[in-house]
Amino acid sequence: MLVLALETSCDETAAAVVERLPDGTGRILSNCIRSQFDDHAAFGGVVPEIAARAHAELIDPVVRQALRQSGHDLSDMDAIAATSGPGLIGGLIVGVMTAKAMAAASGKRFLGVNHLEGHALTAGLTDNVQFPYLLLLVSGGHTQVLLVRGVGNYERWATTIDDALGEAFDKTAKLLGLPWPGGPEVERRAMIGDPKRFDFPRPMRGEKRLDFSFSGLKTAVRMATLSIDFENEQDVADICASFQQAVAETLQERLILSLDRFKIRFPDLAEPVLVVAGGVAANQMLRTMLTNLAAKGGFRFVAPPMVLCTDNAAMIAWAAACRLAKGDTDPLDLTPRPRWPLDEKSASTFGSGRKGPKA
Ligand code: KG4
Ligand code: ZN
């Protein structure tokens with residue numbers, strides 16, 4: 001089964017062709033991506049209008065490239081898919097309309113894929129991880145713990161009640177005058193910093209609920225910046241290291257609760273699995289912490305390669321192929337959904353307002 005998929009929900013224009021074999025494993029035949037980094041960097045974040053225009057310009061060449069690299073024609077595809085939410089509406093419309101037009105013109109099936117489902121199912125493509133497993137999704141727009149029970153079968157166990165973790169990294173960088181996106185820069189500076197110099201809060205410490213909160217940490221960073229010399233590299237590095245330490249400890253303390261819950265829920269699983277996805281998963285210090293945490297809790301830790309942790313179209317093609325294998329398709333009058341929780345039943349979390357456009 002061959003699927004061509006388009007991903008345009010934020011600032012990456014991507015297309016990919018993925019093959020799903022009868023035994024349920026997958027193979028990536030092409031995975032093309034054009035970042036709009038330069039278009040947005042000057043503004044210190046993603047500008048929705050600029051993103052939509054860039055998607056409209058880039059989508060045709062990226063789709064052509066993905067088909068060419070896969071060694072297949074459009075006529076070989078079993079379906080055409082596109083991310084249909086959540087994300088920035090302008091970009092979603094570009095991807096969904098293009099995929100629909102291609103499906104209609106070629107008589108192929110069409111699927112509108114939830115971007116979060118793409119992240120959630122990636123571990124099946126890369127590591128053949130079997131259901132159920134626990135997923136930590138940490139990106140610029142989401143910080144969630146999800147129980148992945150099967151294709152289309154998710155339970156959201158935890159979410160952030162304010163800022164997403166990537167957003168907290170980006171805002172910390174901004175407060176320190178570091179370039180966007182802030183995550184990699186904060187990590188780099190933290191390497192020579194003293195993680196004990198600033199006593200930043202560990203939000204939600206001791207709370208029984210599984211959720212996250214990061215806005216208090218950002219406020220503490222803002223206060224700390226009042227006392228430092230921005231020209232002094234060590235001062236900046238110390239804030240970065242102290243911030244990262246607070247993040248790592250917070251994540252760890254919160255996540256233990258989810259690991260425990262998973263073990264109680266599935267006591268007979270021989271090898272429970274913890275999967276991490278999202279741009280923040282690039283952070284080496286957090287990866288090390290997660291690796292140790294998983295090992296201590298008796299979990300196998302799976303971190304898909306970085307190109308498949310951050311936004312890409314291969315994960316959308318794979319999610320579409322998994323749905324297709326279950327007999328799922330979507331009608332051509334499907335409309336994009338800028339907001340679309342993976343777990344429709346999960347109650348909206350107190351305090352969780354707008355968390356930015358990225359997923
Ligand atoms: O998944 P992603 O590429 O895009 C979406 O948000 O969907 O994640 C981007 C986020 C940004 O907030 C960026 O600052 C953060 O991931 N990030 C990192 C690192 N690399 C990227 N955060 C911490 N450490 C990193 N090394
Ligand atoms: Zn994403």
# chains A, B, ... in the order shown; residues from 1 in each chain; ligands from 1
call {"tool": "residues_around", "arguments": {"residues": "A:Ala66", "least_positions_apart": "3", "cutoff": "9 Å", "atoms": "only C-alpha atoms", "output": "JSON list (two decimals) with all heavy atoms, in the first residue's frame"}}
result
[["chain", "number", "residue", "atom", "x", "y", "z"],
["A", 4, "LEU", "N", 0.83, 8.93, -0.55],
["A", 4, "LEU", "CA", 1.51, 10.23, -0.66],
["A", 4, "LEU", "C", 0.84, 11.16, 0.35],
["A", 4, "LEU", "O", -0.38, 11.25, 0.38],
["A", 4, "LEU", "CB", 1.34, 10.79, -2.07],
["A", 4, "LEU", "CG", 1.68, 12.28, -2.26],
["A", 4, "LEU", "CD1", 3.19, 12.51, -2.14],
["A", 4, "LEU", "CD2", 1.18, 12.79, -3.61],
["A", 14, "ALA", "N", 6.02, 20.01, 3.62],
["A", 14, "ALA", "CA", 6.61, 18.67, 3.50],
["A", 14, "ALA", "C", 5.70, 17.73, 2.72],
["A", 14, "ALA", "O", 4.48, 17.86, 2.73],
["A", 14, "ALA", "CB", 6.88, 18.10, 4.88],
["A", 15, "ALA", "N", 6.35, 16.79, 2.03],
["A", 15, "ALA", "CA", 5.62, 15.74, 1.31],
["A", 15, "ALA", "C", 6.43, 14.46, 1.40],
["A", 15, "ALA", "O", 7.66, 14.50, 1.44],
["A", 15, "ALA", "CB", 5.39, 16.13, -0.15],
["A", 16, "ALA", "N", 5.74, 13.33, 1.45],
["A", 16, "ALA", "CA", 6.44, 12.05, 1.58],
["A", 16, "ALA", "C", 5.62, 10.93, 0.97],
["A", 16, "ALA", "O", 4.39, 11.03, 0.87],
["A", 16, "ALA", "CB", 6.69, 11.75, 3.07],
["A", 17, "VAL", "N", 6.33, 9.88, 0.59],
["A", 17, "VAL", "CA", 5.66, 8.65, 0.14],
["A", 17, "VAL", "C", 6.10, 7.53, 1.06],
["A", 17, "VAL", "O", 7.30, 7.33, 1.29],
["A", 17, "VAL", "CB", 6.02, 8.30, -1.33],
["A", 17, "VAL", "CG1", 5.39, 6.96, -1.71],
["A", 17, "VAL", "CG2", 5.55, 9.40, -2.27],
["A", 29, "LEU", "N", 9.71, 5.83, 1.45],
["A", 29, "LEU", "CA", 10.30, 5.86, 0.11],
["A", 29, "LEU", "C", 10.83, 7.25, -0.22],
["A", 29, "LEU", "O", 11.74, 7.40, -1.02],
["A", 29, "LEU", "CB", 9.28, 5.42, -0.93],
["A", 29, "LEU", "CG", 8.69, 4.01, -0.71],
["A", 29, "LEU", "CD1", 7.83, 3.61, -1.89],
["A", 29, "LEU", "CD2", 9.79, 2.98, -0.50],
["A", 30, "SER", "N", 10.23, 8.27, 0.37],
["A", 30, "SER", "CA", 10.78, 9.63, 0.24],
["A", 30, "SER", "C", 10.22, 10.46, 1.39],
["A", 30, "SER", "O", 9.13, 10.17, 1.91],
["A", 30, "SER", "CB", 10.39, 10.26, -1.10],
["A", 30, "SER", "OG", 9.00, 10.42, -1.19],
["A", 31, "ASN", "N", 10.98, 11.48, 1.78],
["A", 31, "ASN", "CA", 10.56, 12.31, 2.91],
["A", 31, "ASN", "C", 11.17, 13.70, 2.69],
["A", 31, "ASN", "O", 12.28, 13.96, 3.11],
["A", 31, "ASN", "CB", 11.05, 11.69, 4.22],
["A", 31, "ASN", "CG", 10.44, 12.35, 5.43],
["A", 31, "ASN", "OD1", 9.40, 13.01, 5.34],
["A", 31, "ASN", "ND2", 11.08, 12.19, 6.58],
["A", 32, "CYS", "N", 10.42, 14.56, 1.98],
["A", 32, "CYS", "CA", 10.97, 15.86, 1.56],
["A", 32, "CYS", "C", 10.41, 16.98, 2.44],
["A", 32, "CYS", "O", 9.23, 16.96, 2.80],
["A", 32, "CYS", "CB", 10.62, 16.14, 0.11],
["A", 32, "CYS", "SG", 11.23, 14.84, -0.97],
["A", 33, "ILE", "N", 11.25, 17.92, 2.72],
["A", 33, "ILE", "CA", 10.82, 19.01, 3.61],
["A", 33, "ILE", "C", 11.53, 20.31, 3.24],
["A", 33, "ILE", "O", 12.72, 20.31, 2.94],
["A", 33, "ILE", "CB", 11.10, 18.59, 5.07],
["A", 33, "ILE", "CG1", 10.51, 19.59, 6.04],
["A", 33, "ILE", "CG2", 12.56, 18.36, 5.35],
["A", 33, "ILE", "CD1", 10.25, 18.99, 7.41],
["A", 61, "PRO", "N", 6.45, 22.08, -5.93],
["A", 61, "PRO", "CA", 7.79, 21.48, -6.09],
["A", 61, "PRO", "C", 8.10, 20.41, -5.05],
["A", 61, "PRO", "O", 8.76, 19.41, -5.38],
["A", 61, "PRO", "CB", 8.75, 22.67, -5.94],
["A", 61, "PRO", "CG", 7.94, 23.84, -5.53],
["A", 61, "PRO", "CD", 6.52, 23.55, -5.86],
["A", 62, "VAL", "N", 7.62, 20.58, -3.83],
["A", 62, "VAL", "CA", 7.92, 19.57, -2.79],
["A", 62, "VAL", "C", 7.20, 18.25, -3.10],
["A", 62, "VAL", "O", 7.77, 17.18, -2.96],
["A", 62, "VAL", "CB", 7.54, 20.10, -1.38],
["A", 62, "VAL", "CG1", 7.68, 19.01, -0.33],
["A", 62, "VAL", "CG2", 8.43, 21.27, -1.00],
["A", 63, "VAL", "N", 5.95, 18.35, -3.57],
["A", 63, "VAL", "CA", 5.20, 17.13, -3.92],
["A", 63, "VAL", "C", 5.88, 16.43, -5.10],
["A", 63, "VAL", "O", 6.06, 15.20, -5.09],
["A", 63, "VAL", "CB", 3.73, 17.47, -4.27],
["A", 63, "VAL", "CG1", 3.05, 16.28, -4.95],
["A", 63, "VAL", "CG2", 2.96, 17.84, -3.01],
["A", 69, "GLN", "N", 11.53, 11.15, -5.91],
["A", 69, "GLN", "CA", 12.47, 10.39, -5.07],
["A", 69, "GLN", "C", 11.93, 9.01, -4.68],
["A", 69, "GLN", "O", 12.69, 8.09, -4.40],
["A", 69, "GLN", "CB", 12.79, 11.18, -3.81],
["A", 69, "GLN", "CG", 13.77, 12.30, -4.09],
["A", 69, "GLN", "CD", 14.19, 13.03, -2.82],
["A", 69, "GLN", "OE1", 13.88, 12.61, -1.71],
["A", 69, "GLN", "NE2", 14.88, 14.15, -2.98],
["A", 70, "SER", "N", 10.61, 8.87, -4.66],
["A", 70, "SER", "CA", 10.03, 7.58, -4.26],
["A", 70, "SER", "C", 10.15, 6.56, -5.39],
["A", 70, "SER", "O", 10.00, 5.36, -5.18],
["A", 70, "SER", "CB", 8.56, 7.75, -3.89],
["A", 70, "SER", "OG", 7.76, 7.90, -5.06],
["A", 71, "GLY", "N", 10.41, 7.05, -6.61],
["A", 71, "GLY", "CA", 10.49, 6.16, -7.76],
["A", 71, "GLY", "C", 9.11, 5.74, -8.27],
["A", 71, "GLY", "O", 9.00, 4.77, -9.03]]
call {"tool": "residues_around", "arguments": {"residues": "A:Ala99", "least_positions_apart": "3", "cutoff": "9 Å", "atoms": "only C-alpha atoms", "output": "count of residues only"}}
result
15
call {"tool": "closest_residue", "arguments": {"among": "A:Asp127, A:Glu253, A:Asp333, A:Glu187", "to": "ligand 1", "atoms": "only C-alpha atoms and all ligand atoms"}}
result
A:Glu187
call {"tool": "residues_near_ligand", "arguments": {"ligand": "ligand 1", "cutoff": "6 Å", "atoms": "only C-alpha atoms and all ligand atoms", "output": "number ranges by chain"}}
result
A: 139-141, 166-167, 169-170, 181-184, 187, 278-280, 282-283, 310-311, 358-359
call {"tool": "write_last_selection", "arguments": {"atoms": "C-alpha atoms", "output": "mmCIF file, in the first residue's frame"}}
result
data_model
loop_
_atom_site.group_PDB
_atom_site.id
_atom_site.type_symbol
_atom_site.label_atom_id
_atom_site.label_comp_id
_atom_site.auth_asym_id
_atom_site.auth_seq_id
_atom_site.Cartn_x
_atom_site.Cartn_y
_atom_site.Cartn_z
ATOM 1 C CA SER A 139 6.907 20.390 20.842
ATOM 2 C CA GLY A 140 6.426 24.101 20.257
ATOM 3 C CA GLY A 141 2.660 23.777 20.561
ATOM 4 C CA GLY A 166 9.059 24.257 23.392
ATOM 5 C CA GLU A 167 7.360 27.590 23.903
ATOM 6 C CA PHE A 169 12.413 27.271 25.739
ATOM 7 C CA ASP A 170 11.648 29.828 23.014
ATOM 8 C CA PRO A 181 13.949 29.036 17.699
ATOM 9 C CA GLY A 182 15.285 29.145 21.218
ATOM 10 C CA GLY A 183 15.451 25.468 22.197
ATOM 11 C CA PRO A 184 18.737 24.536 20.517
ATOM 12 C CA GLU A 187 20.681 23.900 25.204
ATOM 13 C CA GLY A 278 8.324 16.530 19.102
ATOM 14 C CA GLY A 279 11.072 19.091 18.577
ATOM 15 C CA VAL A 280 12.047 19.311 22.250
ATOM 16 C CA ALA A 282 16.149 16.873 20.282
ATOM 17 C CA ASN A 283 17.454 18.072 23.641
ATOM 18 C CA THR A 310 9.971 17.026 14.366
ATOM 19 C CA ASP A 311 7.293 17.906 11.823
ATOM 20 C CA LYS A 358 2.373 24.662 16.467
ATOM 21 C CA ALA A 359 1.632 21.063 17.167
#
call {"tool": "residues_around", "arguments": {"residues": "A:Gln36", "least_positions_apart": "2", "cutoff": "9 Å", "atoms": "only C-alpha atoms", "output": "PyMOL selection string"}}
result
chain A and resi 11-13+34+38-41+46+51+54-55
call {"tool": "write_last_selection", "arguments": {"atoms": "N, CA and C atoms", "output": "short mmCIF file (atom, residue, chain, number, x, y, z; two decimals), in the first residue's frame"}}
result
data_model
loop_
_atom_site.label_atom_id
_atom_site.label_comp_id
_atom_site.auth_asym_id
_atom_site.auth_seq_id
_atom_site.Cartn_x
_atom_site.Cartn_y
_atom_site.Cartn_z
N ASP A 11 5.21 25.69 9.91
CA ASP A 11 6.16 26.42 9.07
C ASP A 11 7.06 25.49 8.26
N GLU A 12 6.64 24.23 8.10
CA GLU A 12 7.39 23.32 7.26
C GLU A 12 6.48 22.85 6.14
N THR A 13 6.95 22.96 4.90
CA THR A 13 6.19 22.43 3.77
C THR A 13 6.81 21.08 3.45
N ARG A 34 10.75 21.38 3.17
CA ARG A 34 11.34 22.72 2.98
C ARG A 34 10.97 23.54 4.19
N ASP A 38 14.01 30.90 7.23
CA ASP A 38 14.50 32.25 6.91
C ASP A 38 13.36 33.26 6.79
N ASP A 39 12.17 32.78 6.37
CA ASP A 39 11.04 33.70 6.22
C ASP A 39 10.56 34.24 7.56
N HIS A 40 10.75 33.44 8.61
CA HIS A 40 10.17 33.80 9.91
C HIS A 40 11.19 34.31 10.93
N ALA A 41 12.46 33.96 10.73
CA ALA A 41 13.47 34.24 11.76
C ALA A 41 13.50 35.71 12.16
N VAL A 46 6.79 32.21 14.16
CA VAL A 46 6.08 31.93 12.91
C VAL A 46 4.99 32.96 12.67
N ALA A 51 3.54 32.20 6.47
CA ALA A 51 3.58 30.74 6.36
C ALA A 51 2.63 30.27 5.26
N ALA A 54 4.00 31.00 1.83
CA ALA A 54 5.15 30.15 1.51
C ALA A 54 4.69 28.73 1.17
N HIS A 55 3.71 28.21 1.91
CA HIS A 55 3.19 26.87 1.60
C HIS A 55 2.65 26.84 0.17
#
call {"tool": "select_by_dssp", "arguments": {"residues": "stretch 245-299 of chain A", "states": "strand (DSSP E or B)", "output": "list in words"}}
result
Val273, Leu274, Val275, Val276 and Ala277 of chain A
call {"tool": "closest_residue", "arguments": {"among": "A:Ala101, A:Ile161, A:Val129, A:Val145", "to": "A:Leu116", "atoms": "only C-alpha atoms"}}
result
A:Val145
call {"tool": "residues_around", "arguments": {"residues": "A:Glu344", "least_positions_apart": "6", "cutoff": "10 Å", "atoms": "only C-alpha atoms", "output": "list in words"}}
result
Tyr154, Glu155 and Arg156 of chain A
call {"tool": "closest_residue", "arguments": {"among": "A:Cys10, A:Leu21, A:Ala220, A:Ala303", "to": "ligand 2", "atoms": "only C-alpha atoms and all ligand atoms"}}
result
A:Cys10
call {"tool": "atom_distance", "arguments": {"atom1": "atom CA of A:Ala246", "atom2": "atom CA of A:His119"}}
result
25.6 Å
call {"tool": "atom_distance", "arguments": {"atom1": "atom CA of A:Pro272", "atom2": "atom CA of A:Trp340"}}
result
27.9 Å
call {"tool": "atom_distance", "arguments": {"atom1": "atom CA of A:Arg27", "atom2": "atom CA of A:Met97"}}
result
26.0 Å
call {"tool": "residues_around", "arguments": {"residues": "A:Val151", "least_positions_apart": "2", "cutoff": "10 Å", "atoms": "only C-alpha atoms", "output": "count of residues only"}}
result
14
call {"tool": "select_by_dssp", "arguments": {"residues": "stretch 68-182 of chain A", "states": "alpha helix (DSSP H)", "output": "number ranges by chain"}}
result
A: 68-70, 89-106, 115-127, 165-175, 182
call {"tool": "closest_residue", "arguments": {"among": "A:Leu175, A:Gln252, A:Glu7, A:Pro341", "to": "ligand 2", "atoms": "only C-alpha atoms and all ligand atoms"}}
result
A:Glu7
call {"tool": "residues_around", "arguments": {"residues": "A:Gln244", "least_positions_apart": "5", "cutoff": "10 Å", "atoms": "only C-alpha atoms", "output": "list in words"}}
result
Phe169, Gly183, Val186, Glu187, Ala190, Pro195, Phe200, Asp238, Ile239, Glu249, Thr250, Asn283, Met285 and Leu286 of chain A
call {"tool": "write_last_selection", "arguments": {"atoms": "N, CA, C and O atoms", "output": "mmCIF file, in the first residue's frame"}}
result
data_model
loop_
_atom_site.group_PDB
_atom_site.id
_atom_site.type_symbol
_atom_site.label_atom_id
_atom_site.label_comp_id
_atom_site.auth_asym_id
_atom_site.auth_seq_id
_atom_site.Cartn_x
_atom_site.Cartn_y
_atom_site.Cartn_z
ATOM 1 N N PHE A 169 11.027 27.124 26.209
ATOM 2 C CA PHE A 169 12.413 27.271 25.739
ATOM 3 C C PHE A 169 12.527 28.526 24.863
ATOM 4 O O PHE A 169 13.470 29.314 25.007
ATOM 5 N N GLY A 183 15.078 26.737 21.559
ATOM 6 C CA GLY A 183 15.451 25.468 22.197
ATOM 7 C C GLY A 183 16.904 25.085 22.004
ATOM 8 O O GLY A 183 17.654 24.910 22.978
ATOM 9 N N VAL A 186 19.314 27.574 23.759
ATOM 10 C CA VAL A 186 19.334 27.452 25.223
ATOM 11 C C VAL A 186 20.145 26.217 25.611
ATOM 12 O O VAL A 186 20.966 26.260 26.534
ATOM 13 N N GLU A 187 19.940 25.125 24.892
ATOM 14 C CA GLU A 187 20.681 23.900 25.204
ATOM 15 C C GLU A 187 22.191 24.122 25.036
ATOM 16 O O GLU A 187 22.998 23.705 25.857
ATOM 17 N N ALA A 190 23.566 26.294 27.781
ATOM 18 C CA ALA A 190 23.496 25.628 29.091
ATOM 19 C C ALA A 190 24.704 24.739 29.349
ATOM 20 O O ALA A 190 25.043 24.464 30.505
ATOM 21 N N PRO A 195 23.927 24.846 36.699
ATOM 22 C CA PRO A 195 22.486 24.577 36.861
ATOM 23 C C PRO A 195 21.957 24.890 38.255
ATOM 24 O O PRO A 195 20.752 24.873 38.481
ATOM 25 N N PHE A 200 15.212 28.143 40.302
ATOM 26 C CA PHE A 200 13.932 28.292 39.612
ATOM 27 C C PHE A 200 12.907 27.303 40.151
ATOM 28 O O PHE A 200 13.276 26.225 40.634
ATOM 29 N N ASP A 238 24.387 30.460 32.802
ATOM 30 C CA ASP A 238 23.876 29.989 34.095
ATOM 31 C C ASP A 238 22.345 29.980 34.116
ATOM 32 O O ASP A 238 21.726 29.065 34.671
ATOM 33 N N ILE A 239 21.737 31.008 33.517
ATOM 34 C CA ILE A 239 20.266 31.027 33.456
ATOM 35 C C ILE A 239 19.784 29.846 32.604
ATOM 36 O O ILE A 239 18.854 29.124 32.980
ATOM 37 N N GLU A 249 13.839 18.301 35.849
ATOM 38 C CA GLU A 249 13.303 17.763 37.110
ATOM 39 C C GLU A 249 11.784 17.759 37.105
ATOM 40 O O GLU A 249 11.144 16.830 37.608
ATOM 41 N N THR A 250 11.198 18.818 36.540
ATOM 42 C CA THR A 250 9.738 18.907 36.484
ATOM 43 C C THR A 250 9.161 17.804 35.609
ATOM 44 O O THR A 250 8.220 17.105 35.992
ATOM 45 N N ASN A 283 16.601 17.638 22.534
ATOM 46 C CA ASN A 283 17.454 18.072 23.641
ATOM 47 C C ASN A 283 18.158 16.877 24.298
ATOM 48 O O ASN A 283 17.520 15.994 24.870
ATOM 49 N N MET A 285 20.101 16.618 26.918
ATOM 50 C CA MET A 285 20.018 16.485 28.371
ATOM 51 C C MET A 285 18.668 15.868 28.767
ATOM 52 O O MET A 285 18.604 14.975 29.631
ATOM 53 N N LEU A 286 17.600 16.290 28.100
ATOM 54 C CA LEU A 286 16.293 15.720 28.404
ATOM 55 C C LEU A 286 16.208 14.261 27.943
ATOM 56 O O LEU A 286 15.599 13.426 28.606
#
call {"tool": "closest_atom_pairs", "arguments": {"of": "stretch 164-188 of chain A", "to": "stretch 225-233 of chain A", "cutoff": "12 Å", "atoms": "only C-alpha atoms", "output": "CSV"}}
result
residue,atom,partner,partner_atom,distance
A:Thr172,CA,A:Thr225,CA,9.7
A:Ala173,CA,A:Thr225,CA,11.1
A:Lys174,CA,A:Thr225,CA,11.0
A:Leu175,CA,A:Thr225,CA,7.4
A:Leu176,CA,A:Phe230,CA,7.1
A:Gly177,CA,A:Phe230,CA,8.1
A:Leu178,CA,A:Phe230,CA,10.2
A:Arg188,CA,A:Glu233,CA,11.8
call {"tool": "decode", "arguments": {"residues": "stretch 188-199 of chain A", "atoms": "N, CA, C and O atoms", "output": "tab-separated table (two decimals), in the first residue's frame"}}
result
chain	number	residue	atom	x	y	z
A	188	ARG	N	22.55	24.79	23.95
A	188	ARG	CA	23.98	25.03	23.67
A	188	ARG	C	24.62	25.87	24.76
A	188	ARG	O	25.68	25.56	25.28
A	189	ARG	N	23.93	26.96	25.14
A	189	ARG	CA	24.48	27.85	26.17
A	189	ARG	C	24.56	27.15	27.52
A	189	ARG	O	25.49	27.39	28.30
A	190	ALA	N	23.57	26.29	27.78
A	190	ALA	CA	23.50	25.63	29.09
A	190	ALA	C	24.70	24.74	29.35
A	190	ALA	O	25.04	24.46	30.50
A	191	MET	N	25.37	24.32	28.27
A	191	MET	CA	26.48	23.37	28.43
A	191	MET	C	27.59	23.89	29.33
A	191	MET	O	28.24	23.12	30.03
A	192	ILE	N	27.80	25.21	29.31
A	192	ILE	CA	28.87	25.74	30.17
A	192	ILE	C	28.30	26.44	31.41
A	192	ILE	O	29.03	27.10	32.15
A	193	GLY	N	26.99	26.29	31.61
A	193	GLY	CA	26.35	27.02	32.72
A	193	GLY	C	26.29	26.22	34.01
A	193	GLY	O	26.48	25.01	34.03
A	194	ASP	N	26.00	26.95	35.10
A	194	ASP	CA	25.86	26.33	36.41
A	194	ASP	C	24.37	26.11	36.68
A	194	ASP	O	23.62	27.07	36.90
A	195	PRO	N	23.93	24.85	36.70
A	195	PRO	CA	22.49	24.58	36.86
A	195	PRO	C	21.96	24.89	38.25
A	195	PRO	O	20.75	24.87	38.48
A	196	LYS	N	22.89	25.17	39.20
A	196	LYS	CA	22.43	25.43	40.58
A	196	LYS	C	22.41	26.93	40.91
A	196	LYS	O	21.95	27.32	41.98
A	197	ARG	N	22.91	27.75	40.00
A	197	ARG	CA	23.04	29.16	40.37
A	197	ARG	C	21.69	29.82	40.63
A	197	ARG	O	21.54	30.59	41.58
A	198	PHE	N	20.70	29.54	39.80
A	198	PHE	CA	19.38	30.15	39.99
A	198	PHE	C	18.40	29.08	40.49
A	198	PHE	O	18.31	28.00	39.90
A	199	ASP	N	17.68	29.43	41.53
A	199	ASP	CA	16.76	28.47	42.13
A	199	ASP	C	15.37	28.64	41.51
A	199	ASP	O	14.47	29.21	42.12
